[in-house]
Amino acid sequence: MEQNFIKMNQGINNWKRYTSSFFLFMFSMFLGSIIYFLALIIFAEKDGNDQTYFDFKEMVGVNVRPEFDFIFSNLTYVIWILGMALFIKLIHKRKLKTLITPNEKINWKRVFWGFGLFFCLLTVTTIVDALFNPQDYSLNNIQVQDFLFLFLFVLILTPIQTTAEEVFFRGYLMQWFGRKVSHPLVLSIIVGSIFGALHFSNPEMNYSAFFVGSDYVLSGILWCYITARTNSAELTIGAHAANNMFIGWFLTMDDSVFGKLPSLFVIDNINPKTTLLWTVISLSVFTYYSIKNFDNKKTINDELEQDIHSSFK
């Protein structure tokens with residue numbers, strides 16, 4: 001029988017080990033955040049512009065070009081994923097790969113399939129929305145070299161950022177909570193809601209706490225459900241990267257976690273209800289085809305039967 005990704009039995013996975021690794025994972029992210037702020041401070045001091053400085057009260061770089069802030073902020077995720085790779089090996093005696101797939105090797109075809117389908121869905125829904133609301137979209141007034149600079153670093157850094165989040169939420173937390181919660185939907189609601197709630201501090205929430213928050217939670221739950229049903233985080237690693245790379249390359253707006261990047265288009269008059277509608281459509285289609293093509297129901301059912309039988313012993 002194929003090994004269950006959620007009920008991971010590789011390495012040592014008791015609750016004491018999970019508690020220890022959790023705090024070490026958080027330490028890795030904290031260390032990455034410190035490096036981010038140090039990079040901002042040094043850059044603000046050394047860039048030769050008197051208007052650029054680091055505001056220690058607000059903890060932000062003032063007048064720092066958003067593409068440089070983007071690069072520095074992603075250092076957090078580089079340190080975080082390196083920390084997770086180190087501590088999953090030291091504490092749980094297994095590889096980082098086990099937080100992505102239970103198999104011997106990562107199936108890159110799945111990753112790129114998830115990336116390709118979700119990128120296409122985002123492209124189609126954005127074009128349709130632009131056709132209905134052309135007044136909300138305009139070409140960004142940017143230099144070609146600035147966009148190419150952004151394009152390169154989004155290509156390099158964004159997959160690291162999104163993979164770090166997927167490894168932690170769809171891998172680590174689902175495996176930890178999955179030790180006690182067997183039903184894939186219940187597990188997905190728990191971990192997916194945590195994922196969504198931790199995005200509530202994003203500036204996009206200023207548009208509408210309810211609708212934008214619902215967007216985050218829905219994304220978290222469905223990506224967790226896809227992970228449980230397909231027995232790996234490969235599809236969601238691809239989809240999450242597609243989502244953030246698409247936004248980074250093509251769409252910039254006020255009150256965005258990405259900042260005013262030199263993306264190709266600017267969006268005005270954000271309607272959070274419409275945005276949530278397009279998210280529901282994109283995620284529904286992605287979930288349907290992911291489960292249709294990669295469902296691993298047999299492994300899930302076998303695990304559920306084992307849990308039921310063990311509970312009567």
# chains A, B, ... in the order shown; residues from 1 in each chain; ligands from 1
>>> closest_atom_pairs(of="range 195-301 of chain A", to="range 47-67 of chain A", cutoff="12 Å", atoms="only C-alpha atoms", output="CSV")
residue,atom,partner,partner_atom,distance
A:Gly248,CA,A:Glu67,CA,10.0
A:Trp249,CA,A:Glu67,CA,11.4
A:Thr252,CA,A:Pro66,CA,11.0
A:Ser256,CA,A:Pro66,CA,11.2
A:Val257,CA,A:Pro66,CA,10.6
A:Phe258,CA,A:Pro66,CA,8.0
A:Gly259,CA,A:Pro66,CA,6.0
A:Lys260,CA,A:Pro66,CA,6.0
A:Leu261,CA,A:Pro66,CA,5.5
A:Pro262,CA,A:Glu67,CA,7.5
A:Ser263,CA,A:Glu67,CA,9.8
>>> residues_around(residues="Val212 in chain A", least_positions_apart="3", cutoff="9 Å", atoms="only C-alpha atoms", output="JSON, numbers by chain")
{"A": [200, 204, 205, 206, 207, 208, 209, 215, 216, 217, 272, 273, 275, 276]}
>>> residues_around(residues="range 223-239 of chain A", least_positions_apart="3", cutoff="8 Å", atoms="only C-alpha atoms", output="number ranges by chain")
A: 4-6, 99-102, 106-108, 110-119, 162-163, 166-167, 170-171, 174, 184-185, 187-189, 191-192, 219-220, 242-243, 287, 290-291, 294-297, 300
>>> atom_distance(atom1="CA of Phe68 in chain A", atom2="CA of Lys46 in chain A")
13.1 Å
>>> residues_around(residues="Asn74 in chain A", least_positions_apart="4", cutoff="9 Å", atoms="only C-alpha atoms", output="NGL selection string")
:A and (32 or 36 or 69-70 or 78-79 or 157-158 or 160-161)
>>> select_by_dssp(residues="range 31-183 of chain A", states="alpha helix (DSSP H)", output="short mmCIF file (atom, residue, chain, number, x, y, z; two decimals) with N, CA and C atoms, in the first residue's frame")
data_model
loop_
_atom_site.label_atom_id
_atom_site.label_comp_id
_atom_site.auth_asym_id
_atom_site.auth_seq_id
_atom_site.Cartn_x
_atom_site.Cartn_y
_atom_site.Cartn_z
N LEU A 31 14.48 34.60 12.87
CA LEU A 31 15.84 34.92 12.42
C LEU A 31 15.81 35.52 11.02
N GLY A 32 14.98 34.95 10.15
CA GLY A 32 14.83 35.49 8.80
C GLY A 32 14.29 36.91 8.81
N SER A 33 13.36 37.19 9.72
CA SER A 33 12.80 38.54 9.83
C SER A 33 13.86 39.54 10.29
N ILE A 34 14.72 39.12 11.21
CA ILE A 34 15.81 39.98 11.68
C ILE A 34 16.75 40.31 10.52
N ILE A 35 17.06 39.30 9.71
CA ILE A 35 17.93 39.53 8.55
C ILE A 35 17.27 40.48 7.56
N TYR A 36 15.96 40.36 7.38
CA TYR A 36 15.22 41.27 6.50
C TYR A 36 15.35 42.71 6.97
N PHE A 37 15.12 42.94 8.26
CA PHE A 37 15.21 44.30 8.79
C PHE A 37 16.63 44.84 8.73
N LEU A 38 17.62 43.99 9.00
CA LEU A 38 19.01 44.42 8.91
C LEU A 38 19.37 44.81 7.48
N ALA A 39 18.89 44.03 6.51
CA ALA A 39 19.15 44.34 5.10
C ALA A 39 18.52 45.68 4.72
N LEU A 40 17.29 45.93 5.21
CA LEU A 40 16.62 47.20 4.93
C LEU A 40 17.39 48.37 5.54
N ILE A 41 17.83 48.21 6.78
CA ILE A 41 18.56 49.27 7.47
C ILE A 41 19.85 49.61 6.74
N ILE A 42 20.61 48.56 6.38
CA ILE A 42 21.88 48.77 5.69
C ILE A 42 21.66 49.41 4.33
N PHE A 43 20.65 48.93 3.60
CA PHE A 43 20.36 49.49 2.28
C PHE A 43 19.97 50.97 2.38
N ALA A 44 19.12 51.29 3.36
CA ALA A 44 18.67 52.67 3.52
C ALA A 44 19.83 53.59 3.87
N GLU A 45 20.82 53.07 4.56
CA GLU A 45 21.97 53.88 4.94
C GLU A 45 22.98 54.04 3.81
N LYS A 46 23.06 53.04 2.95
CA LYS A 46 24.13 53.00 1.96
C LYS A 46 23.71 53.37 0.53
N PRO A 66 10.25 49.58 -3.97
CA PRO A 66 9.50 48.38 -3.58
C PRO A 66 10.12 47.08 -4.06
N GLU A 67 10.81 47.11 -5.22
CA GLU A 67 11.41 45.86 -5.68
C GLU A 67 12.56 45.41 -4.77
N PHE A 68 13.27 46.37 -4.16
CA PHE A 68 14.32 46.01 -3.22
C PHE A 68 13.72 45.52 -1.90
N ASP A 69 12.65 46.17 -1.46
CA ASP A 69 11.95 45.69 -0.27
C ASP A 69 11.43 44.28 -0.49
N PHE A 70 10.94 44.01 -1.71
CA PHE A 70 10.47 42.67 -2.07
C PHE A 70 11.60 41.65 -1.93
N ILE A 71 12.78 41.98 -2.44
CA ILE A 71 13.92 41.07 -2.38
C ILE A 71 14.31 40.81 -0.93
N PHE A 72 14.41 41.87 -0.13
CA PHE A 72 14.84 41.72 1.26
C PHE A 72 13.82 40.92 2.07
N SER A 73 12.54 41.18 1.82
CA SER A 73 11.50 40.48 2.59
C SER A 73 11.52 38.99 2.31
N ASN A 74 11.90 38.61 1.10
CA ASN A 74 11.94 37.19 0.76
C ASN A 74 13.13 36.47 1.38
N LEU A 75 14.09 37.23 1.92
CA LEU A 75 15.17 36.59 2.66
C LEU A 75 14.63 35.84 3.88
N THR A 76 13.52 36.35 4.42
CA THR A 76 12.88 35.68 5.55
C THR A 76 12.55 34.24 5.21
N TYR A 77 12.01 34.02 4.01
CA TYR A 77 11.56 32.69 3.62
C TYR A 77 12.73 31.78 3.24
N VAL A 78 13.80 32.37 2.73
CA VAL A 78 15.00 31.59 2.44
C VAL A 78 15.55 31.00 3.74
N ILE A 79 15.65 31.84 4.78
CA ILE A 79 16.14 31.37 6.07
C ILE A 79 15.16 30.38 6.69
N TRP A 80 13.86 30.66 6.54
CA TRP A 80 12.84 29.79 7.13
C TRP A 80 12.90 28.38 6.55
N ILE A 81 12.97 28.27 5.24
CA ILE A 81 12.95 26.93 4.64
C ILE A 81 14.26 26.19 4.92
N LEU A 82 15.38 26.93 5.01
CA LEU A 82 16.63 26.29 5.39
C LEU A 82 16.56 25.79 6.83
N GLY A 83 15.93 26.58 7.70
CA GLY A 83 15.76 26.16 9.09
C GLY A 83 14.87 24.93 9.19
N MET A 84 13.79 24.90 8.42
CA MET A 84 12.91 23.73 8.44
C MET A 84 13.63 22.49 7.94
N ALA A 85 14.45 22.65 6.92
CA ALA A 85 15.21 21.51 6.39
C ALA A 85 16.18 20.98 7.44
N LEU A 86 16.81 21.90 8.18
CA LEU A 86 17.77 21.50 9.22
C LEU A 86 17.08 20.82 10.39
N PHE A 87 16.02 21.43 10.89
CA PHE A 87 15.41 20.93 12.13
C PHE A 87 14.52 19.71 11.91
N ILE A 88 13.95 19.55 10.71
CA ILE A 88 13.20 18.31 10.46
C ILE A 88 14.16 17.14 10.42
N LYS A 89 15.39 17.41 10.00
CA LYS A 89 16.43 16.36 9.98
C LYS A 89 16.94 16.08 11.39
N LEU A 90 17.19 17.12 12.15
CA LEU A 90 17.76 16.93 13.49
C LEU A 90 16.73 16.40 14.48
N ILE A 91 15.51 16.91 14.43
CA ILE A 91 14.50 16.56 15.43
C ILE A 91 13.70 15.32 15.02
N HIS A 92 13.27 15.28 13.76
CA HIS A 92 12.39 14.18 13.32
C HIS A 92 13.14 13.08 12.56
N TRP A 108 7.92 16.29 -10.02
CA TRP A 108 7.93 17.65 -10.56
C TRP A 108 6.86 17.86 -11.62
N LYS A 109 6.41 16.77 -12.26
CA LYS A 109 5.33 16.90 -13.22
C LYS A 109 4.06 17.39 -12.53
N ARG A 110 3.82 16.91 -11.32
CA ARG A 110 2.67 17.37 -10.55
C ARG A 110 2.81 18.86 -10.19
N VAL A 111 4.01 19.23 -9.76
CA VAL A 111 4.25 20.63 -9.38
C VAL A 111 3.96 21.55 -10.56
N PHE A 112 4.50 21.20 -11.74
CA PHE A 112 4.31 22.05 -12.91
C PHE A 112 2.88 21.97 -13.45
N TRP A 113 2.23 20.82 -13.26
CA TRP A 113 0.82 20.71 -13.64
C TRP A 113 -0.01 21.67 -12.80
N GLY A 114 0.22 21.68 -11.48
CA GLY A 114 -0.50 22.60 -10.60
C GLY A 114 -0.21 24.04 -10.94
N PHE A 115 1.06 24.34 -11.23
CA PHE A 115 1.43 25.70 -11.61
C PHE A 115 0.74 26.11 -12.91
N GLY A 116 0.81 25.25 -13.91
CA GLY A 116 0.26 25.59 -15.22
C GLY A 116 -1.24 25.80 -15.20
N LEU A 117 -1.97 24.88 -14.54
CA LEU A 117 -3.42 25.00 -14.51
C LEU A 117 -3.85 26.25 -13.75
N PHE A 118 -3.25 26.50 -12.60
CA PHE A 118 -3.69 27.65 -11.81
C PHE A 118 -3.29 28.96 -12.48
N PHE A 119 -2.13 28.98 -13.11
CA PHE A 119 -1.71 30.19 -13.83
C PHE A 119 -2.68 30.48 -14.97
N CYS A 120 -3.12 29.45 -15.67
CA CYS A 120 -4.09 29.63 -16.75
C CYS A 120 -5.43 30.13 -16.21
N LEU A 121 -5.87 29.58 -15.09
CA LEU A 121 -7.13 30.02 -14.49
C LEU A 121 -7.07 31.49 -14.08
N LEU A 122 -5.94 31.89 -13.50
CA LEU A 122 -5.77 33.29 -13.12
C LEU A 122 -5.76 34.21 -14.35
N THR A 123 -5.11 33.73 -15.41
CA THR A 123 -5.06 34.52 -16.64
C THR A 123 -6.46 34.72 -17.22
N VAL A 124 -7.22 33.64 -17.29
CA VAL A 124 -8.57 33.71 -17.88
C VAL A 124 -9.48 34.59 -17.03
N THR A 125 -9.50 34.39 -15.71
CA THR A 125 -10.40 35.17 -14.86
C THR A 125 -10.02 36.64 -14.85
N THR A 126 -8.72 36.94 -14.93
CA THR A 126 -8.28 38.34 -14.96
C THR A 126 -8.68 39.01 -16.27
N ILE A 127 -8.52 38.29 -17.38
CA ILE A 127 -8.92 38.86 -18.68
C ILE A 127 -10.43 39.11 -18.72
N VAL A 128 -11.21 38.15 -18.21
CA VAL A 128 -12.67 38.32 -18.20
C VAL A 128 -13.05 39.51 -17.32
N ASP A 129 -12.42 39.61 -16.15
CA ASP A 129 -12.72 40.73 -15.27
C ASP A 129 -12.35 42.06 -15.92
N ALA A 130 -11.22 42.08 -16.62
CA ALA A 130 -10.79 43.31 -17.31
C ALA A 130 -11.75 43.69 -18.43
N LEU A 131 -12.34 42.69 -19.09
CA LEU A 131 -13.32 42.97 -20.15
C LEU A 131 -14.59 43.58 -19.57
N PHE A 132 -14.99 43.10 -18.38
CA PHE A 132 -16.18 43.63 -17.73
C PHE A 132 -15.92 44.98 -17.05
N VAL A 144 11.32 49.55 -18.73
CA VAL A 144 11.47 48.15 -19.13
C VAL A 144 12.47 47.43 -18.24
N GLN A 145 13.58 48.10 -17.94
CA GLN A 145 14.62 47.46 -17.13
C GLN A 145 14.13 47.19 -15.71
N ASP A 146 13.22 48.04 -15.20
CA ASP A 146 12.67 47.80 -13.87
C ASP A 146 11.79 46.56 -13.86
N PHE A 147 10.98 46.40 -14.93
CA PHE A 147 10.13 45.20 -14.99
C PHE A 147 10.97 43.94 -15.15
N LEU A 148 12.01 44.00 -15.99
CA LEU A 148 12.87 42.82 -16.18
C LEU A 148 13.58 42.45 -14.88
N PHE A 149 14.00 43.46 -14.12
CA PHE A 149 14.61 43.24 -12.81
C PHE A 149 13.62 42.53 -11.89
N LEU A 150 12.38 43.04 -11.85
CA LEU A 150 11.33 42.43 -11.04
C LEU A 150 11.03 41.01 -11.51
N PHE A 151 10.91 40.84 -12.82
CA PHE A 151 10.57 39.54 -13.38
C PHE A 151 11.57 38.47 -12.92
N LEU A 152 12.85 38.81 -12.95
CA LEU A 152 13.90 37.87 -12.57
C LEU A 152 13.78 37.47 -11.11
N PHE A 153 13.60 38.44 -10.23
CA PHE A 153 13.59 38.12 -8.81
C PHE A 153 12.28 37.48 -8.36
N VAL A 154 11.17 37.79 -9.03
CA VAL A 154 9.94 37.05 -8.77
C VAL A 154 10.13 35.59 -9.19
N LEU A 155 10.77 35.37 -10.33
CA LEU A 155 11.02 34.02 -10.82
C LEU A 155 11.88 33.22 -9.86
N ILE A 156 12.85 33.87 -9.23
CA ILE A 156 13.78 33.18 -8.34
C ILE A 156 13.23 33.06 -6.92
N LEU A 157 12.72 34.16 -6.37
CA LEU A 157 12.40 34.20 -4.94
C LEU A 157 10.98 33.78 -4.58
N THR A 158 10.01 34.10 -5.44
CA THR A 158 8.63 33.79 -5.08
C THR A 158 8.38 32.30 -4.90
N PRO A 159 8.92 31.40 -5.74
CA PRO A 159 8.72 29.97 -5.48
C PRO A 159 9.30 29.52 -4.14
N ILE A 160 10.37 30.18 -3.68
CA ILE A 160 10.93 29.85 -2.37
C ILE A 160 9.95 30.27 -1.28
N GLN A 161 9.40 31.48 -1.42
CA GLN A 161 8.44 31.99 -0.43
C GLN A 161 7.21 31.10 -0.34
N THR A 162 6.63 30.78 -1.49
CA THR A 162 5.40 29.99 -1.48
C THR A 162 5.66 28.54 -1.05
N THR A 163 6.80 27.99 -1.45
CA THR A 163 7.13 26.61 -1.05
C THR A 163 7.35 26.53 0.45
N ALA A 164 7.98 27.56 1.03
CA ALA A 164 8.17 27.57 2.49
C ALA A 164 6.82 27.52 3.20
N GLU A 165 5.86 28.30 2.72
CA GLU A 165 4.53 28.29 3.33
C GLU A 165 3.84 26.94 3.13
N GLU A 166 3.96 26.39 1.94
CA GLU A 166 3.34 25.09 1.67
C GLU A 166 3.95 23.99 2.52
N MET A 174 -0.26 19.84 8.69
CA MET A 174 -1.24 18.79 8.36
C MET A 174 -0.79 17.44 8.89
N GLN A 175 0.50 17.16 8.86
CA GLN A 175 0.99 15.90 9.41
C GLN A 175 0.88 15.89 10.94
N TRP A 176 1.14 17.04 11.58
CA TRP A 176 1.05 17.12 13.04
C TRP A 176 -0.40 16.95 13.49
N PHE A 177 -1.30 17.79 12.95
CA PHE A 177 -2.70 17.69 13.31
C PHE A 177 -3.30 16.37 12.85
#
>>> atom_distance(atom1="CA of Tyr137 in chain A", atom2="CA of Ile267 in chain A")
4.9 Å
>>> select_by_dssp(residues="range 36-126 of chain A", states="strand (DSSP E)", output="list of chain:residue names")
A:Tyr53, A:Phe54, A:Asp55, A:Val60, A:Gly61, A:Val62
